[in-house]
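Trainee: A single structure is presented below for examination.
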Amino acid sequence: MPIKKDIIWRVGLVYAVVMFFALMIVGRVVTLQLFEGDYWRGKAQKISQRDVIVRANRGDICAEDGRILATSLPYYQIRMDFRASGLTDEVFKSKVDSLALRLSRFFNDKSKNEYRRFLWNSKYKKKSNRYVLINRRKVNYNELKVIKTFPLFRLGKNKGGLICEQENKRQQPHRNLATRTIGYLNKEDNNKLIGRVGMEGAFESELKGVDGVSIMQKMSGRWLPVNMVEPKDGNDLITTIDVNYQDVAESALYHQLVKYNAHHGSAILMEVKTGAIKAIANIGYDEKKKEYRELYNYAIGEATEPGSTFKLASMMALLEDGYVGPMDSVDTGNGIYRFYNAKMRDSHHGGYGKITVQEAFEKSSNVGISRLVDEHYKNKPREFINRLYDFRLNEPLGLEIRGEGTPKIKYPDDPTWSGISLPWMSIGYSVHQTPLQTLTFYNAIANDGKMMKPKFVKEIRYHGEVISKFDEEVLKSKICSGQTLETIQNMLEGVVLRGTARNLRNSNYKIAGKTGTAQIADGKKGYGHKVYQASFVGYFPADDPMYSCVVVINRPNKTKGFYGNQVAGPVFKSIADKVYAMSYSMHPERKNEEEEGPKVPISLNGSKEDLDLVFDDLNIDITNPKIQTEWVVTSRKDSVIEYKYRRVKNFLVPNVKGMGVQDALYILENVGLRVQVRGVGSVSKQSLRPGSNFRSGDRITIDLS
């Protein structure tokens, strides 16, 4: 009996223990299902699944004609998976020497033996031998295609171990053309590129697109894609920038900065009727690199004392309030006038004596303008400042591009206001304007008083389809009366015809504008160091304005020159001359063909196929249209065009004289020559004699005229 009780007791104990653990298991299962299920399911998913962000393609920034100003290009980091399933010892050892040789020749940074040792150690000696970086240099798509032909790599990912990690880089094909206005990208913590400045920053939401997600599932120890939410590409910006005008503006500004050893400068070209910015150049001297390049968007961001270009606002205030007329007189004396304890001086030694109001403006007399403003507004300075405010000179332009400098025109209740504030403000001191703010004001004069907001972007497109357009925006419909406008337009023309900008006159078209020479403060030294800013702002053709332009050059070498007409004026004229030459709509109308008689246009030599299309469209007869050749020489004969053979032979320098630059480049580069182009127009001269022998890679210079 005691044995039976003992057995029952033991069985009962075992049963109780089993039941206890069973209840614990059931309880734990219930807890997992009802209370902790979501947490553990998430844990399991993280181990077996993961999301990989698929970056959207960033939209392009294009010139008005569609040429790309900024685009994203793919670059690749080359790695090798030494644990790839098909990369057996036999396969690796049979091809490692050949791979080392090809890598050495391609990257040209290590010898074959060094690459072989690196590959061998990565395969057999290093503990962490998966996804090894082959070379730090990233390669472009064309280079990647070459690398994929290398031994081992040509076997594919599983057998050869080639891993290509793509990274998009933002490129500006035209190098420094409008770099600061186009902007650039910065990396965030997640390595995503974000637009920060310029158009890249202003239109970040349009350009960036929408990233996609690739869901990866771990299967048999490998991550494989099982689902994907496709990314949506960013939109493209079509800007108002004209690449040809931009190139002209930057070239003219650069040469003048170099000539006068200036610190920095900017030039802006604006379309009068629309406010569209056709060119915007910003160039400064990089002290570290010892070269001129785009460092900062001075045109938009640098608000400085404009100097004499501000006299336009002072004269407009006097005219609009009815205090003066153009033929009234003002006594400038000997060119020196004292306002309280401060002397005002004219740049002309000895002064101009008694002159008309119009002459005071055209000759940019500091004494004349400041005396007029002081005489009429001395006891009512608020009236003068309110008039400037009415011209909208105290308000920012509200640009889409961030970083606009703040204009400054202080009011008489400002603590720094004094008896000399009014006369000095009247000639552009103690006020601040950016070059673009100054240009917008002058552009309103050219546009019959209508002030337009500067416009940088005209369209947004998605894969070629226009999804939105940017209309012109009027900041002020009329900045002054018609009479004041007519008077001030005559004065601005007079500056070029008879005044300080006589060096800008030309016989082809009229320029109207104003010179500016301002002495600017230089850090702790103030005005005593005599640092200058030269500027010119105006519009052309003056009788029917199409474009306005401002040029500001900061800190030119004063021993070489610092006046606005001398330093900034030539840049304006260079831009205006080339824009006029390229814009046929500005040229005077020619006589009717009936009066002149039938004419056949002059034709450049070039592609027969292209010329056939042009002459067929113009209904011009060709004497020998069936001539069998790819390239032809053309000549006019009476009312028809005559074709002559121009053969291009291999291994002999082609004759490209008389051709357009596009055809000439096509022929010369296709035969293996490296081409340097100088000038504009058709080819007038080539450095290598036609028909002579050459080697692939030789350089040839073609002069255009």
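Ligands are numbered from 1 in the order shown, chains are lettered A, B, ... in the order of the structure tokens, and residues start at 1 in each chain.
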Run DSSP on the backbone and grab whatever in region 307-539 of chain A lands in helix (DSSP H, G or I); send it over as a PyMOL selection string.
Mentor: chain A and resi 307-320+357-362+366-377+381-390+421-426+435-446+482-497+502-504+523-529
Trainee: Can you list, as JSON, numbers by chain, every residue of region 202-387 of chain A that DSSP puts in strand (DSSP E or B)?
Mentor: {"A": [210, 212, 213, 214, 215, 216, 217, 218, 219, 222, 223, 224, 225, 226, 227, 228, 229, 232, 236, 237, 238, 239, 264, 265, 266, 267, 268, 269, 270, 271, 276, 277, 278, 279, 280, 281, 282, 283, 284, 285, 286, 291, 292, 293, 304, 329, 330, 331, 336, 337, 338, 339, 342, 343, 344, 345, 354, 355, 356]}
Trainee: Tell me, as a JSON list (two decimals) with N, CA, C and O atoms, in the first residue's frame, which residues lie within 8 Å of Thr406 (chain A), counting only C-alpha atoms; anything in the same chain fewer than 3 positions away does not count.
Mentor:
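Contents of selection-v7.json, as written:
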```json
[["chain", "number", "residue", "atom", "x", "y", "z"],
["A", 303, "ALA", "N", 23.82, 93.59, -52.21],
["A", 303, "ALA", "CA", 23.23, 94.93, -52.17],
["A", 303, "ALA", "C", 24.29, 95.92, -51.72],
["A", 303, "ALA", "O", 24.78, 95.84, -50.60],
["A", 395, "GLU", "N", 11.61, 97.87, -51.88],
["A", 395, "GLU", "CA", 11.03, 96.53, -51.72],
["A", 395, "GLU", "C", 11.84, 95.48, -52.48],
["A", 395, "GLU", "O", 12.29, 95.74, -53.61],
["A", 396, "PRO", "N", 12.01, 94.29, -51.89],
["A", 396, "PRO", "CA", 12.64, 93.20, -52.64],
["A", 396, "PRO", "C", 11.77, 92.82, -53.84],
["A", 396, "PRO", "O", 10.56, 93.13, -53.88],
["A", 432, "HIS", "N", 21.10, 101.14, -50.60],
["A", 432, "HIS", "CA", 21.61, 99.86, -51.07],
["A", 432, "HIS", "C", 20.66, 99.24, -52.09],
["A", 432, "HIS", "O", 19.45, 99.21, -51.87],
["A", 433, "GLN", "N", 21.23, 98.76, -53.19],
["A", 433, "GLN", "CA", 20.48, 98.08, -54.23],
["A", 433, "GLN", "C", 21.34, 96.95, -54.80],
["A", 433, "GLN", "O", 22.57, 97.09, -54.89],
["A", 434, "THR", "N", 20.70, 95.85, -55.16],
["A", 434, "THR", "CA", 21.42, 94.80, -55.89],
["A", 434, "THR", "C", 21.44, 95.16, -57.37],
["A", 434, "THR", "O", 20.61, 95.96, -57.83]]
```
Trainee: Compile the contact shell of region 326-330 of chain A as a list in words: residues with an atom at most 6 Å away, counting only C-alpha atoms, same-chain residues fewer than 4 positions apart removed.
Mentor: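 What passes the distance filter is Lys354, Ile355, Thr356, Val357 and Gln358 of chain A.
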Trainee: Can you pull out the residues contacting Ile283 (chain A)? Cut-off 10 Å, using only C-alpha atoms, and skip same-chain residues under 4 positions away; I want them as a list in words.
Mentor: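 After dropping sequence-adjacent residues, the list is Asn176, Ala178, Thr179, Arg180, Glu250, Leu253, Tyr254, Leu257, His263, His264, Gly265, Ser266, Ala267, Glu291, Tyr292, Arg293, Glu294, Leu295, Tyr296, Asn297, Tyr298, Ala299 and Ile553 of chain A.
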Trainee: Keeping N, CA, C and O atoms for every residue in the selection just given, could you write it to a file as a short mmCIF file (atom, residue, chain, number, x, y, z; two decimals), in the first residue's frame?
Mentor:
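Saved result, part_33.cif, follows:
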```cif
data_model
loop_
_atom_site.label_atom_id
_atom_site.label_comp_id
_atom_site.auth_asym_id
_atom_site.auth_seq_id
_atom_site.Cartn_x
_atom_site.Cartn_y
_atom_site.Cartn_z
N ASN A 176 30.88 76.51 -66.43
CA ASN A 176 30.57 77.59 -65.51
C ASN A 176 29.43 78.50 -65.95
O ASN A 176 29.17 79.51 -65.33
N ALA A 178 26.39 80.32 -65.97
CA ALA A 178 25.30 80.62 -65.02
C ALA A 178 25.27 79.65 -63.85
O ALA A 178 24.21 79.32 -63.32
N THR A 179 26.44 79.20 -63.39
CA THR A 179 26.52 78.17 -62.36
C THR A 179 25.78 78.55 -61.08
O THR A 179 25.02 77.76 -60.53
N ARG A 180 26.00 79.77 -60.60
CA ARG A 180 25.40 80.15 -59.32
C ARG A 180 23.89 80.33 -59.44
O ARG A 180 23.16 80.12 -58.47
N GLU A 250 29.32 86.23 -70.17
CA GLU A 250 30.40 85.74 -69.30
C GLU A 250 31.77 86.04 -69.89
O GLU A 250 32.70 86.40 -69.18
N LEU A 253 32.48 89.86 -69.54
CA LEU A 253 32.74 90.22 -68.15
C LEU A 253 34.09 89.69 -67.70
O LEU A 253 34.86 90.41 -67.04
N TYR A 254 34.39 88.46 -68.05
CA TYR A 254 35.66 87.85 -67.63
C TYR A 254 36.86 88.65 -68.14
O TYR A 254 37.79 88.95 -67.38
N LEU A 257 37.28 91.91 -66.21
CA LEU A 257 37.78 91.68 -64.85
C LEU A 257 39.28 91.43 -64.85
O LEU A 257 40.02 91.96 -64.01
N HIS A 263 38.01 92.60 -58.38
CA HIS A 263 37.74 91.51 -57.45
C HIS A 263 36.58 90.64 -57.92
O HIS A 263 36.65 89.41 -57.91
N HIS A 264 35.49 91.26 -58.34
CA HIS A 264 34.36 90.49 -58.86
C HIS A 264 33.44 91.39 -59.67
O HIS A 264 33.58 92.62 -59.67
N GLY A 265 32.52 90.77 -60.36
CA GLY A 265 31.59 91.54 -61.17
C GLY A 265 30.40 90.71 -61.57
O GLY A 265 30.37 89.48 -61.43
N SER A 266 29.38 91.38 -62.09
CA SER A 266 28.18 90.69 -62.56
C SER A 266 27.62 91.42 -63.77
O SER A 266 27.86 92.62 -63.96
N ALA A 267 26.91 90.68 -64.60
CA ALA A 267 26.25 91.24 -65.78
C ALA A 267 24.93 90.51 -65.97
O ALA A 267 24.87 89.28 -65.87
N GLU A 291 42.30 82.14 -59.57
CA GLU A 291 41.62 82.19 -60.87
C GLU A 291 40.25 82.84 -60.70
O GLU A 291 39.71 82.93 -59.60
N TYR A 292 39.70 83.32 -61.83
CA TYR A 292 38.35 83.87 -61.83
C TYR A 292 37.36 82.76 -62.12
O TYR A 292 37.55 81.97 -63.05
N ARG A 293 36.29 82.72 -61.33
CA ARG A 293 35.23 81.74 -61.56
C ARG A 293 33.97 82.19 -60.81
O ARG A 293 33.99 83.19 -60.07
N GLU A 294 32.87 81.46 -61.02
CA GLU A 294 31.62 81.80 -60.34
C GLU A 294 31.71 81.38 -58.88
O GLU A 294 31.82 80.19 -58.57
N LEU A 295 31.69 82.36 -57.97
CA LEU A 295 31.82 82.10 -56.54
C LEU A 295 30.53 82.39 -55.79
O LEU A 295 30.21 81.72 -54.82
N TYR A 296 29.80 83.41 -56.24
CA TYR A 296 28.64 83.89 -55.49
C TYR A 296 27.73 84.59 -56.48
O TYR A 296 28.19 85.16 -57.48
N ASN A 297 26.43 84.57 -56.21
CA ASN A 297 25.48 85.23 -57.11
C ASN A 297 25.38 86.72 -56.73
O ASN A 297 24.41 87.16 -56.10
N TYR A 298 26.41 87.46 -57.12
CA TYR A 298 26.45 88.90 -56.80
C TYR A 298 25.26 89.64 -57.40
O TYR A 298 24.75 90.59 -56.79
N ALA A 299 24.81 89.24 -58.56
CA ALA A 299 23.74 89.94 -59.26
C ALA A 299 22.45 89.96 -58.45
O ALA A 299 21.69 90.93 -58.48
N ILE A 553 31.08 96.14 -61.80
CA ILE A 553 32.41 95.59 -61.56
C ILE A 553 32.96 96.19 -60.28
O ILE A 553 33.07 97.41 -60.15
#
```
Trainee: Quick one: everything within 12 Å of region 676-688 of chain A, counting only C-alpha atoms, minus sequence neighbours fewer than 3 positions away in the same chain. Send it as number ranges by chain.
Mentor: A: 244, 248, 578, 581-582, 602-606, 652-665, 668-669, 673, 691-695, 698-705
Trainee: Let's have the selection written as a PDB file, in the first residue's frame, with C-alpha atoms.
Mentor:
```
ATOM      1  CA  ASN A 244      24.480  82.093 -76.706  1.00  0.00           C
ATOM      2  CA  VAL A 248      28.693  86.371 -74.606  1.00  0.00           C
ATOM      3  CA  LYS A 578      26.686  90.709 -80.163  1.00  0.00           C
ATOM      4  CA  ALA A 581      24.152  91.022 -84.414  1.00  0.00           C
ATOM      5  CA  MET A 582      22.327  87.800 -83.463  1.00  0.00           C
ATOM      6  CA  ILE A 602      24.654  82.891 -99.840  1.00  0.00           C
ATOM      7  CA  SER A 603      25.095  79.281 -98.733  1.00  0.00           C
ATOM      8  CA  LEU A 604      27.783  77.663 -96.624  1.00  0.00           C
ATOM      9  CA  ASN A 605      29.505  74.520 -97.866  1.00  0.00           C
ATOM     10  CA  GLY A 606      28.332  71.391 -96.082  1.00  0.00           C
ATOM     11  CA  LEU A 652      44.251  63.080 -95.086  1.00  0.00           C
ATOM     12  CA  VAL A 653      43.288  66.399 -93.492  1.00  0.00           C
ATOM     13  CA  PRO A 654      39.803  67.353 -94.810  1.00  0.00           C
ATOM     14  CA  ASN A 655      39.159  70.759 -96.371  1.00  0.00           C
ATOM     15  CA  VAL A 656      36.417  72.405 -94.262  1.00  0.00           C
ATOM     16  CA  LYS A 657      36.830  76.012 -95.435  1.00  0.00           C
ATOM     17  CA  GLY A 658      33.506  77.720 -96.051  1.00  0.00           C
ATOM     18  CA  MET A 659      31.586  75.239 -93.886  1.00  0.00           C
ATOM     19  CA  GLY A 660      29.495  75.953 -90.825  1.00  0.00           C
ATOM     20  CA  VAL A 661      31.027  74.953 -87.509  1.00  0.00           C
ATOM     21  CA  GLN A 662      28.639  72.001 -87.005  1.00  0.00           C
ATOM     22  CA  ASP A 663      29.578  70.299 -90.290  1.00  0.00           C
ATOM     23  CA  ALA A 664      33.266  71.125 -89.855  1.00  0.00           C
ATOM     24  CA  LEU A 665      33.358  69.600 -86.355  1.00  0.00           C
ATOM     25  CA  LEU A 668      37.199  66.642 -88.443  1.00  0.00           C
ATOM     26  CA  GLU A 669      36.301  64.738 -85.275  1.00  0.00           C
ATOM     27  CA  LEU A 673      41.342  65.112 -85.141  1.00  0.00           C
ATOM     28  CA  GLY A 691      45.205  67.013 -98.009  1.00  0.00           C
ATOM     29  CA  SER A 692      48.207  66.671 -95.682  1.00  0.00           C
ATOM     30  CA  ASN A 693      48.870  63.583 -93.564  1.00  0.00           C
ATOM     31  CA  PHE A 694      48.020  63.487 -89.859  1.00  0.00           C
ATOM     32  CA  ARG A 695      47.908  61.112 -86.897  1.00  0.00           C
ATOM     33  CA  ASP A 698      46.436  65.601 -83.658  1.00  0.00           C
ATOM     34  CA  ARG A 699      45.035  69.055 -82.872  1.00  0.00           C
ATOM     35  CA  ILE A 700      43.618  71.355 -85.553  1.00  0.00           C
ATOM     36  CA  THR A 701      42.464  74.947 -85.021  1.00  0.00           C
ATOM     37  CA  ILE A 702      39.714  76.401 -87.217  1.00  0.00           C
ATOM     38  CA  ASP A 703      39.101  80.161 -87.370  1.00  0.00           C
ATOM     39  CA  LEU A 704      35.548  81.352 -88.028  1.00  0.00           C
ATOM     40  CA  SER A 705      34.557  84.688 -89.495  1.00  0.00           C
TER      41      SER A 705
END
```
Trainee: Excluding Phe470 (chain A) and residues on its chain fewer than 4 positions from it, collect all residues at most 12 Å away from it, counting only C-alpha atoms, and give them as a list of chain:residue names.
Mentor: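 Answer for this query is A:Leu237, A:Ile238, A:Thr239, A:Thr240, A:Thr274, A:Gly275, A:Ala276, A:Glu400, A:Lys453, A:Pro454, A:Lys455, A:Phe456, A:Val457, A:Lys458, A:Glu459, A:Ile460, A:Arg461, A:Val466.
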Trainee: Find the residue from A:Ala22, A:Ile620, A:Val550, A:Ile627 that sits nearest to Ile641 (chain A); use only C-alpha atoms when measuring.
Mentor: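 Looking at the shortest contact to Ile641 (chain A), the residue is A:Ile620.
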